[in-house]
Amino acid sequence: MDNREILVVGYGSLLSGYGLLAERRGGASRLVARDVHPVSIRNARRGLAKPSSHGRYLAMDIEAVDSSLPIAASTAADHHDGGIGGLLLTFDREYAPTIARREDYDAYAFERLIGLADRAGKALGEYLMKIASGTNFDLLTYRMALRSMLDYTSPGYIFHPIEIDDGRIAIIAIGSGFEGSGDPRIVSRRRQFGMDRLLSLEESVRVEIPGFDRAGQIGYYAECILGGLHGLEVGDLEPRFDPDAGLVRELAAHLGPIAVGERERFIEATSLDAARYGERFSFLSRRTSSLTAILALAGVV
């Protein structure tokens, strides 16, 4: 098999057109998918934990609720079923280096990994799933196996397989864990900064990262919850709404400008047309009350 396309499940800044196009970073690491479907990610929780390679703030990470079971995803129509909202993105292979760099992973190592899957006659996700199932989905053991194969591991994110309920297997970027990167000589960024658990936005602005960029943190978070405009389940990310809270007002101030034109950016970033977008996503109708309140505070109706 020639891996001409790469299936990626996004759960952070890849949830919005603004994030996919890397607008906040001036288009650096811009991604345009060939196709997209909303998914509900199961057996998972997410939060801020992995120090970003793009600034002095924390990026989103994801963990299994039950560590003995793999994280999975569903394309079922009802995404408000206890899962968390995500996107199944199809990228042309030419985007492999950009995907890698965006996830703080060596682009050459990622290309070599795809090449191994090619030679095995398997899609990348299927190839990685065979490795993961052989470790009983233990994250550290899986990372050690990858490290042994590639003579490389990342202190940032590691690509793991995630099975979709339609039979496809995608990849998902999970932070090189607090418990280890797969190589004792490579200290994960989570370990380096003492990030032993996932944090909420409120908790993240209190972390002691040298030169912490509060505006960058809130701006990044806005990229993530902007996915709620498309009907994705982001209730787990929304801060408790208090119109008098400074943090909520700061978040609203970031959300307001980027919400304008988000639908058009999302369609551009996912190669959809208006009709297919309407079929797959429900614009406006599935916002949570908290997101609606924050957008109202931002002046977005």
# chains A, B, ... in the order shown; residues from 1 in each chain; ligands from 1
>>> residues_around(residues="Gln217 (chain A)", least_positions_apart="3", cutoff="6 Å", atoms="only C-alpha atoms", output="short mmCIF file (atom, residue, chain, number, x, y, z; two decimals) with all heavy atoms, in the first residue's frame")
data_model
loop_
_atom_site.label_atom_id
_atom_site.label_comp_id
_atom_site.auth_asym_id
_atom_site.auth_seq_id
_atom_site.Cartn_x
_atom_site.Cartn_y
_atom_site.Cartn_z
N TYR A 57 3.29 28.74 26.45
CA TYR A 57 1.98 28.40 27.01
C TYR A 57 1.78 26.89 26.85
O TYR A 57 2.63 26.21 26.26
CB TYR A 57 0.86 29.18 26.32
CG TYR A 57 0.81 29.01 24.81
CD1 TYR A 57 0.14 27.93 24.23
CD2 TYR A 57 1.44 29.93 23.97
CE1 TYR A 57 0.10 27.77 22.87
CE2 TYR A 57 1.40 29.77 22.60
CZ TYR A 57 0.73 28.69 22.05
OH TYR A 57 0.70 28.51 20.69
N ARG A 214 0.37 34.73 28.83
CA ARG A 214 -1.05 34.60 29.17
C ARG A 214 -1.94 34.82 27.94
O ARG A 214 -2.87 34.07 27.70
CB ARG A 214 -1.40 35.59 30.28
CG ARG A 214 -2.86 35.53 30.73
CD ARG A 214 -3.17 36.62 31.75
NE ARG A 214 -4.57 36.61 32.15
CZ ARG A 214 -5.04 36.02 33.23
NH1 ARG A 214 -4.22 35.39 34.05
NH2 ARG A 214 -6.34 36.07 33.52
N TYR A 220 -4.69 30.57 22.17
CA TYR A 220 -4.66 29.16 21.76
C TYR A 220 -5.95 28.45 22.16
O TYR A 220 -6.55 27.71 21.37
CB TYR A 220 -3.45 28.45 22.39
CG TYR A 220 -3.50 26.95 22.25
CD1 TYR A 220 -3.11 26.32 21.07
CD2 TYR A 220 -3.98 26.15 23.29
CE1 TYR A 220 -3.17 24.95 20.93
CE2 TYR A 220 -4.04 24.78 23.16
CZ TYR A 220 -3.64 24.18 21.98
OH TYR A 220 -3.73 22.81 21.85
#
>>> select_by_dssp(residues="region 55-284 of chain A", states="strand (DSSP E)", output="PyMOL selection string")
chain A and resi 58-64+72-74+84-92+157-164+169-175
>>> write_last_selection(atoms="N, CA and C atoms", output="CSV table (one decimal), in the first residue's frame")
chain,number,residue,atom,x,y,z
A,58,LEU,N,0.7,26.4,27.4
A,58,LEU,CA,0.4,24.9,27.3
A,58,LEU,C,-0.5,24.6,26.2
A,59,ALA,N,-0.2,23.5,25.5
A,59,ALA,CA,-1.1,23.0,24.4
A,59,ALA,C,-1.9,21.9,24.9
A,60,MET,N,-2.9,21.5,24.1
A,60,MET,CA,-3.9,20.5,24.5
A,60,MET,C,-3.2,19.1,24.5
A,61,ASP,N,-3.6,18.2,25.4
A,61,ASP,CA,-3.2,16.9,25.4
A,61,ASP,C,-4.4,16.0,25.7
A,62,ILE,N,-4.3,14.7,25.5
A,62,ILE,CA,-5.4,13.8,25.6
A,62,ILE,C,-5.0,12.5,26.3
A,63,GLU,N,-5.8,12.0,27.2
A,63,GLU,CA,-5.5,10.8,27.9
A,63,GLU,C,-6.7,9.9,28.0
A,64,ALA,N,-6.4,8.6,28.1
A,64,ALA,CA,-7.5,7.6,28.2
A,64,ALA,C,-8.1,7.7,29.6
A,72,ALA,N,-10.8,5.6,21.3
A,72,ALA,CA,-11.4,5.3,20.0
A,72,ALA,C,-12.2,6.5,19.6
A,73,ALA,N,-12.8,6.4,18.4
A,73,ALA,CA,-13.7,7.5,17.9
A,73,ALA,C,-14.8,6.9,17.1
A,74,SER,N,-15.9,7.7,17.1
A,74,SER,CA,-17.1,7.3,16.4
A,74,SER,C,-17.6,8.4,15.5
A,84,ILE,N,-16.0,13.3,23.6
A,84,ILE,CA,-15.6,14.6,23.4
A,84,ILE,C,-15.4,14.9,21.9
A,85,GLY,N,-15.7,16.1,21.5
A,85,GLY,CA,-15.7,16.4,20.1
A,85,GLY,C,-14.4,16.4,19.4
A,86,GLY,N,-14.3,15.9,18.2
A,86,GLY,CA,-13.1,15.9,17.4
A,86,GLY,C,-13.4,15.9,15.9
A,87,LEU,N,-12.3,16.0,15.2
A,87,LEU,CA,-12.4,15.9,13.7
A,87,LEU,C,-11.6,14.8,13.1
A,88,LEU,N,-12.1,14.1,12.2
A,88,LEU,CA,-11.4,13.1,11.4
A,88,LEU,C,-11.0,13.8,10.1
A,89,LEU,N,-9.7,14.1,10.0
A,89,LEU,CA,-9.2,14.9,8.9
A,89,LEU,C,-8.4,14.0,7.9
A,90,THR,N,-8.6,14.2,6.7
A,90,THR,CA,-7.9,13.5,5.6
A,90,THR,C,-6.9,14.4,5.0
A,91,PHE,N,-5.6,14.1,5.1
A,91,PHE,CA,-4.6,15.0,4.5
A,91,PHE,C,-3.9,14.3,3.3
A,92,ASP,N,-3.5,15.0,2.3
A,92,ASP,CA,-2.6,14.4,1.3
A,92,ASP,C,-1.3,14.2,1.9
A,157,TYR,N,5.0,15.5,21.0
A,157,TYR,CA,3.9,14.6,20.8
A,157,TYR,C,4.4,13.4,20.1
A,158,ILE,N,3.7,12.3,20.4
A,158,ILE,CA,3.9,11.0,19.7
A,158,ILE,C,2.7,10.6,19.0
A,159,PHE,N,2.8,10.0,17.8
A,159,PHE,CA,1.7,9.6,17.0
A,159,PHE,C,1.2,8.2,17.4
A,160,HIS,N,0.0,8.1,17.8
A,160,HIS,CA,-0.7,6.8,18.2
A,160,HIS,C,-1.8,6.5,17.3
A,161,PRO,N,-2.2,5.2,17.2
A,161,PRO,CA,-3.3,4.9,16.4
A,161,PRO,C,-4.6,5.1,17.1
A,162,ILE,N,-5.7,5.4,16.4
A,162,ILE,CA,-7.0,5.5,17.0
A,162,ILE,C,-8.0,4.9,16.0
A,163,GLU,N,-8.7,3.9,16.5
A,163,GLU,CA,-9.7,3.2,15.6
A,163,GLU,C,-11.0,4.0,15.5
A,164,ILE,N,-11.5,4.1,14.3
A,164,ILE,CA,-12.8,4.7,14.0
A,164,ILE,C,-13.8,3.6,13.9
A,169,ILE,N,-8.5,3.4,10.6
A,169,ILE,CA,-7.6,3.7,11.7
A,169,ILE,C,-6.9,4.9,11.4
A,170,ALA,N,-7.0,5.9,12.2
A,170,ALA,CA,-6.3,7.2,12.0
A,170,ALA,C,-5.1,7.3,13.0
A,171,ILE,N,-4.5,8.4,13.0
A,171,ILE,CA,-3.4,8.7,14.0
A,171,ILE,C,-3.9,9.9,14.8
A,172,ILE,N,-3.4,9.9,16.1
A,172,ILE,CA,-3.8,11.0,17.0
A,172,ILE,C,-2.5,11.4,17.7
A,173,ALA,N,-2.2,12.6,17.9
A,173,ALA,CA,-1.0,13.1,18.6
A,173,ALA,C,-1.3,13.2,20.1
A,174,ILE,N,-0.5,12.4,20.9
A,174,ILE,CA,-0.6,12.4,22.3
A,174,ILE,C,0.7,12.8,22.9
A,175,GLY,N,0.6,13.7,23.9
A,175,GLY,CA,1.9,14.2,24.4
A,175,GLY,C,2.8,13.2,24.9
>>> closest_residue(among="A:Asp183, A:Asp2, A:Glu223, A:Glu264", to="Glu23 (chain A)", atoms="only C-alpha atoms")
A:Glu223
>>> closest_residue(among="A:Gly47, A:Gly167, A:Gly194, A:Gly182", to="Glu238 (chain A)", atoms="only C-alpha atoms")
A:Gly47
>>> select_by_dssp(residues="region 85-274 of chain A", states="helix (DSSP H, G or I)", output="ChimeraX atom specification")
/A:93-102,107-119,124-134,139-150,189-192,201-204,214-230,246-259,262-270,274
>>> residues_around(residues="Ser53 (chain A)", least_positions_apart="2", cutoff="8 Å", atoms="only C-alpha atoms", output="PyMOL selection string")
chain A and resi 51+55-56+104+156
>>> write_last_selection(atoms="N, CA, C and O atoms", output="PDB file, in the first residue's frame")
ATOM      1  N   PRO A  51       3.704  21.626  27.159  1.00  0.00           N
ATOM      2  CA  PRO A  51       4.251  22.937  26.810  1.00  0.00           C
ATOM      3  C   PRO A  51       4.421  23.069  25.298  1.00  0.00           C
ATOM      4  O   PRO A  51       5.008  22.213  24.651  1.00  0.00           O
ATOM      5  N   GLY A  55       5.212  28.646  21.518  1.00  0.00           N
ATOM      6  CA  GLY A  55       5.147  29.789  22.418  1.00  0.00           C
ATOM      7  C   GLY A  55       5.241  29.343  23.866  1.00  0.00           C
ATOM      8  O   GLY A  55       5.345  28.150  24.156  1.00  0.00           O
ATOM      9  N   ARG A  56       5.192  30.296  24.774  1.00  0.00           N
ATOM     10  CA  ARG A  56       5.315  30.011  26.201  1.00  0.00           C
ATOM     11  C   ARG A  56       3.941  29.829  26.829  1.00  0.00           C
ATOM     12  O   ARG A  56       3.459  30.674  27.584  1.00  0.00           O
ATOM     13  N   ASP A 104       5.499  18.925  16.932  1.00  0.00           N
ATOM     14  CA  ASP A 104       6.789  18.873  17.632  1.00  0.00           C
ATOM     15  C   ASP A 104       7.452  17.510  17.448  1.00  0.00           C
ATOM     16  O   ASP A 104       8.042  16.953  18.377  1.00  0.00           O
ATOM     17  N   GLY A 156       7.929  16.027  22.484  1.00  0.00           N
ATOM     18  CA  GLY A 156       6.658  16.728  22.328  1.00  0.00           C
ATOM     19  C   GLY A 156       5.481  15.777  22.234  1.00  0.00           C
ATOM     20  O   GLY A 156       5.009  15.230  23.227  1.00  0.00           O
TER      21      GLY A 156
END
>>> atom_distance(atom1="CA of Gly27 (chain A)", atom2="CA of Arg102 (chain A)")
11.6 Å
>>> residues_around(residues="region 146-149 of chain A", least_positions_apart="3", cutoff="9 Å", atoms="only C-alpha atoms", output="list in words")
Leu113, Leu128, Ile131, Thr141, Tyr142, Arg143, Tyr152, Thr153, Ser154, Ser181, Gly182 and Asp183 of chain A
>>> write_last_selection(atoms="N, CA, C and O atoms", output="JSON list (two decimals), in the first residue's frame")
[["chain", "number", "residue", "atom", "x", "y", "z"],
["A", 113, "LEU", "N", 8.69, 6.69, 9.23],
["A", 113, "LEU", "CA", 7.63, 5.85, 9.79],
["A", 113, "LEU", "C", 6.58, 5.51, 8.73],
["A", 113, "LEU", "O", 6.14, 4.36, 8.61],
["A", 128, "LEU", "N", 0.51, 1.16, 12.86],
["A", 128, "LEU", "CA", 0.74, 1.54, 14.25],
["A", 128, "LEU", "C", -0.17, 0.77, 15.20],
["A", 128, "LEU", "O", 0.21, 0.49, 16.34],
["A", 131, "ILE", "N", 1.36, -2.44, 16.32],
["A", 131, "ILE", "CA", 2.35, -2.23, 17.37],
["A", 131, "ILE", "C", 1.67, -1.99, 18.71],
["A", 131, "ILE", "O", 2.03, -2.57, 19.74],
["A", 141, "THR", "N", 5.11, 1.60, 26.80],
["A", 141, "THR", "CA", 5.67, 0.45, 26.08],
["A", 141, "THR", "C", 5.58, 0.67, 24.58],
["A", 141, "THR", "O", 6.51, 0.35, 23.82],
["A", 142, "TYR", "N", 4.48, 1.25, 24.13],
["A", 142, "TYR", "CA", 4.31, 1.58, 22.71],
["A", 142, "TYR", "C", 5.39, 2.57, 22.25],
["A", 142, "TYR", "O", 6.01, 2.40, 21.20],
["A", 143, "ARG", "N", 5.62, 3.60, 23.05],
["A", 143, "ARG", "CA", 6.62, 4.60, 22.69],
["A", 143, "ARG", "C", 8.02, 4.00, 22.65],
["A", 143, "ARG", "O", 8.85, 4.37, 21.82],
["A", 152, "TYR", "N", 14.39, 7.01, 17.31],
["A", 152, "TYR", "CA", 13.94, 8.38, 17.55],
["A", 152, "TYR", "C", 12.68, 8.35, 18.42],
["A", 152, "TYR", "O", 11.83, 7.47, 18.29],
["A", 153, "THR", "N", 12.58, 9.33, 19.31],
["A", 153, "THR", "CA", 11.32, 9.63, 19.96],
["A", 153, "THR", "C", 11.28, 11.13, 20.18],
["A", 153, "THR", "O", 12.31, 11.82, 20.10],
["A", 154, "SER", "N", 10.09, 11.64, 20.41],
["A", 154, "SER", "CA", 9.92, 13.09, 20.53],
["A", 154, "SER", "C", 9.63, 13.49, 21.97],
["A", 154, "SER", "O", 8.89, 12.79, 22.67],
["A", 181, "SER", "N", 9.12, 9.29, 27.61],
["A", 181, "SER", "CA", 9.02, 9.51, 26.17],
["A", 181, "SER", "C", 9.24, 8.24, 25.36],
["A", 181, "SER", "O", 9.05, 8.23, 24.15],
["A", 182, "GLY", "N", 9.67, 7.18, 26.02],
["A", 182, "GLY", "CA", 10.07, 5.97, 25.31],
["A", 182, "GLY", "C", 11.58, 5.80, 25.28],
["A", 182, "GLY", "O", 12.08, 4.76, 24.87],
["A", 183, "ASP", "N", 12.30, 6.84, 25.70],
["A", 183, "ASP", "CA", 13.75, 6.80, 25.75],
["A", 183, "ASP", "C", 14.18, 7.55, 27.01],
["A", 183, "ASP", "O", 13.91, 8.76, 27.12]]
>>> residues_around(residues="Asp196 (chain A)", least_positions_apart="5", cutoff="12 Å", atoms="only C-alpha atoms", output="list in words")
Gly47, Leu48, Ala49, Lys50, Pro51, Asp61, Glu63, Gly175, Ser176, Gly177, Phe178, Glu179, Gly180, Ser188, Arg189, Arg190 and Arg191 of chain A
>>> closest_residue(among="A:Ile41, A:Ile209, A:Val300, A:Ile294", to="Gly261 (chain A)", atoms="only C-alpha atoms")
A:Val300
>>> atom_distance(atom1="CA of Arg101 (chain A)", atom2="CA of Ala253 (chain A)")
29.0 Å
>>> closest_residue(among="A:Leu150, A:Met195, A:Leu229, A:Leu69", to="Asn136 (chain A)", atoms="only C-alpha atoms")
A:Leu69
>>> closest_residue(among="A:Val187, A:Arg168, A:Arg46, A:Ser290", to="Gly228 (chain A)", atoms="only C-alpha atoms")
A:Ser290
>>> decode(residues="region 149-218 of chain A", atoms="C-alpha atoms", output="JSON list (two decimals), in the first residue's frame")
[["chain", "number", "residue", "atom", "x", "y", "z"],
["A", 149, "MET", "CA", 12.19, 0.96, 15.38],
["A", 150, "LEU", "CA", 13.01, 4.53, 14.41],
["A", 151, "ASP", "CA", 15.96, 5.28, 16.69],
["A", 152, "TYR", "CA", 13.94, 8.38, 17.55],
["A", 153, "THR", "CA", 11.32, 9.63, 19.96],
["A", 154, "SER", "CA", 9.92, 13.09, 20.53],
["A", 155, "PRO", "CA", 9.80, 15.11, 23.74],
["A", 156, "GLY", "CA", 6.66, 16.73, 22.33],
["A", 157, "TYR", "CA", 3.89, 14.62, 20.80],
["A", 158, "ILE", "CA", 3.94, 10.97, 19.73],
["A", 159, "PHE", "CA", 1.65, 9.61, 17.00],
["A", 160, "HIS", "CA", -0.66, 6.85, 18.24],
["A", 161, "PRO", "CA", -3.31, 4.87, 16.35],
["A", 162, "ILE", "CA", -7.00, 5.50, 16.98],
["A", 163, "GLU", "CA", -9.69, 3.20, 15.59],
["A", 164, "ILE", "CA", -12.78, 4.72, 14.02],
["A", 165, "ASP", "CA", -16.05, 2.80, 14.27],
["A", 166, "ASP", "CA", -16.32, 2.63, 10.47],
["A", 167, "GLY", "CA", -13.24, 0.37, 10.39],
["A", 168, "ARG", "CA", -10.63, 2.97, 9.48],
["A", 169, "ILE", "CA", -7.65, 3.65, 11.72],
["A", 170, "ALA", "CA", -6.30, 7.17, 12.02],
["A", 171, "ILE", "CA", -3.44, 8.67, 14.02],
["A", 172, "ILE", "CA", -3.76, 11.00, 16.98],
["A", 173, "ALA", "CA", -1.02, 13.09, 18.60],
["A", 174, "ILE", "CA", -0.64, 12.36, 22.32],
["A", 175, "GLY", "CA", 1.87, 14.22, 24.44],
["A", 176, "SER", "CA", 5.12, 12.44, 25.15],
["A", 177, "GLY", "CA", 4.05, 11.49, 28.63],
["A", 178, "PHE", "CA", 4.98, 12.62, 32.08],
["A", 179, "GLU", "CA", 5.81, 8.96, 32.69],
["A", 180, "GLY", "CA", 8.31, 8.86, 29.83],
["A", 181, "SER", "CA", 9.02, 9.51, 26.17],
["A", 182, "GLY", "CA", 10.07, 5.97, 25.31],
["A", 183, "ASP", "CA", 13.75, 6.80, 25.75],
["A", 184, "PRO", "CA", 15.19, 7.55, 29.22],
["A", 185, "ARG", "CA", 17.66, 9.95, 27.59],
["A", 186, "ILE", "CA", 14.85, 12.07, 26.10],
["A", 187, "VAL", "CA", 12.97, 13.99, 28.77],
["A", 188, "SER", "CA", 9.41, 14.73, 27.72],
["A", 189, "ARG", "CA", 8.26, 18.34, 27.86],
["A", 190, "ARG", "CA", 5.56, 17.32, 30.31],
["A", 191, "ARG", "CA", 8.18, 15.83, 32.64],
["A", 192, "GLN", "CA", 10.51, 18.79, 32.12],
["A", 193, "PHE", "CA", 7.84, 21.25, 33.25],
["A", 194, "GLY", "CA", 6.28, 19.00, 35.90],
["A", 195, "MET", "CA", 2.95, 18.64, 34.08],
["A", 196, "ASP", "CA", 1.69, 15.47, 35.74],
["A", 197, "ARG", "CA", -2.01, 16.05, 34.97],
["A", 198, "LEU", "CA", -4.32, 17.80, 32.51],
["A", 199, "LEU", "CA", -5.27, 21.35, 33.42],
["A", 200, "SER", "CA", -8.26, 23.56, 32.79],
["A", 201, "LEU", "CA", -7.82, 27.03, 31.33],
["A", 202, "GLU", "CA", -8.28, 28.52, 34.80],
["A", 203, "GLU", "CA", -5.49, 26.31, 36.18],
["A", 204, "SER", "CA", -3.19, 26.91, 33.21],
["A", 205, "VAL", "CA", -2.89, 30.66, 33.75],
["A", 206, "ARG", "CA", -1.48, 29.96, 37.21],
["A", 207, "VAL", "CA", 1.36, 27.71, 36.07],
["A", 208, "GLU", "CA", 4.93, 28.85, 36.63],
["A", 209, "ILE", "CA", 6.44, 28.61, 33.16],
["A", 210, "PRO", "CA", 9.32, 31.08, 32.68],
["A", 211, "GLY", "CA", 8.07, 33.92, 30.49],
["A", 212, "PHE", "CA", 4.53, 32.51, 30.48],
["A", 213, "ASP", "CA", 2.43, 34.09, 27.72],
["A", 214, "ARG", "CA", -1.05, 34.60, 29.17],
["A", 215, "ALA", "CA", -2.43, 36.15, 25.99],
["A", 216, "GLY", "CA", -0.94, 33.31, 23.93],
["A", 217, "GLN", "CA", -2.52, 30.74, 26.26],
["A", 218, "ILE", "CA", -5.97, 32.28, 26.00]]
